[in-house]
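A.B. asks: Sharing a structure with you now.
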Amino acid sequence: MKLEIIGAGLGRTGTHSLYLALNKLGYKTHHFIEIIENEDQDVDVWNHAHDHPNSPDTDWENVYARYDAAIDFPTCMFYKELMDLNPDAKVILTVRSSESWYKSICNTIFNYYFADEPPTFSKDHLGSALKMEQHCTLGGVLERDHRNIRDKALMCDLFEKHNAEVIKTVPADRLLVMNLGDGWEPLCRFLGKPIPDEKYPFSNTTESFIGKALKGTI
């Protein structure tokens, strides 16, 4: 495994657009969508990494071997370990305001947590991936109690603490903090790549996410 780029930004911070942008720049990029679409992605690797931090038995090679960039969930939860294993990798932290992030997750990826009963997951690969997401995201805050999604102050605080920890942890010369709407220029300058002659990808808005979900593609 040799990752050149590690994404520390949480989902719903423009990570799908960044996924498309990095692929356009020539990288083979890992994103949660890769787990959903590829059943050979062993979700128990991340479960093990969560339960046994810094364990030498975590088989990162198994899930990242064919990628040279990895962003979004679950990578963002393990950026420290992946940085240690890839000391030359650059880190990208995608950010947005905590309130807009909270609104977005409530409308999309964590909408089903608003049910009265905790979610149940199917036994297939997709169900295992979603259960892993619940287990590993922000210390398992929604696994402990699915109703925590209703606590806006708690969720926004966790989001802000995650971003602050990334900025504190990653050396400045290895880190790009990328805001929604920044586009090609800061990204390409950071990576030493020419700017493509096309608009920066803009995808996975709340509306398009819901549309894909209804079609069963996310």
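Every chain in the structure tokens has a letter given in the order shown (A, B, ...), and although residue numbers restart at 1 in each chain, ligands are simply numbered from 1 in the order shown.
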What parts of range 32-218 of chain A does DSSP call alpha helix (DSSP H)? I'd like the answer as a PyMOL selection string.
C.D. replies: chain A and resi 32-37+44-51+60-64+79-85+98-107+125-136+141-144+152-169+184-191+206-215
A.B. asks: Using DSSP on the backbone coordinates, identify the residues of chain A assigned to strand (DSSP E or B); present them as a PyMOL selection string.
C.D. replies: chain A and resi 5-7+29-30+69-70+90-95+175-179
A.B. asks: I need the residue nearest Ser98 in chain A from this list: A:Ala8, A:Asn23, A:Glu39, A:Ala153. Use only C-alpha atoms for the distance.
C.D. replies: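 Checking each candidate against Ser98 in chain A, we get A:Ala153 as the closest.
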A.B. asks: Please determine, counting only C-alpha atoms, which residue among A:Ser97, A:Ser128, A:Gln134, A:Asn163 has the shortest atom-to-atom distance to Tyr112 in chain A.
C.D. replies: A:Gln134
A.B. asks: Determine, for each residue of range 93-114 of chain A having at least one atom at most 7 Å from an atom of range 168-183 of chain A, the closest pair of atoms and their separation in Å to one decimal, counting only C-alpha atoms; order by chain and ascending number, as CSV.
C.D. replies:
residue,atom,partner,partner_atom,distance
A:Leu93,CA,A:Val177,CA,4.8
A:Thr94,CA,A:Met178,CA,4.7
A:Val95,CA,A:Asn179,CA,5.1
A:Arg96,CA,A:Asn179,CA,5.9
A.B. asks: Go ahead and write the selection's residues with C-alpha atoms as a PDB file, in the first residue's frame.
C.D. replies:
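In the end it all went to part.pdb:
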ATOM      1  CA  LEU A  93      -9.156  18.214   4.979  1.00  0.00           C
ATOM      2  CA  THR A  94     -12.427  19.187   3.311  1.00  0.00           C
ATOM      3  CA  VAL A  95     -14.511  21.494   5.490  1.00  0.00           C
ATOM      4  CA  ARG A  96     -17.730  23.456   5.642  1.00  0.00           C
TER       5      ARG A  96
END
A.B. asks: Please compute the CA of Phe110 in chain A-CA of Tyr19 in chain A distance, one decimal, in Å.
C.D. replies: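 That distance, rounded to one decimal, is 20.4 Å.
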A.B. asks: Using only C-alpha atoms, what does the table of range 78-190 of chain A residues within 10 Å of range 49-68 of chain A look like, with each row giving the shortest atom pair and its distance in Å to one decimal, sorted by chain and ascending number, as CSV?
C.D. replies:
residue,atom,partner,partner_atom,distance
A:Phe78,CA,A:Ala49,CA,7.9
A:Lys80,CA,A:Asn54,CA,9.2
A:Glu81,CA,A:Asn54,CA,6.4
A:Leu82,CA,A:Trp60,CA,8.6
A:Asp84,CA,A:Asn54,CA,9.7
A:Leu85,CA,A:Trp60,CA,9.5
A:Ala89,CA,A:Asp68,CA,9.4
A:Met132,CA,A:His50,CA,9.6
A:His135,CA,A:His50,CA,8.1
A:Cys136,CA,A:His50,CA,6.2
A:Thr137,CA,A:His50,CA,9.4
A:Gly139,CA,A:His50,CA,8.5
A:Gly140,CA,A:His50,CA,9.5
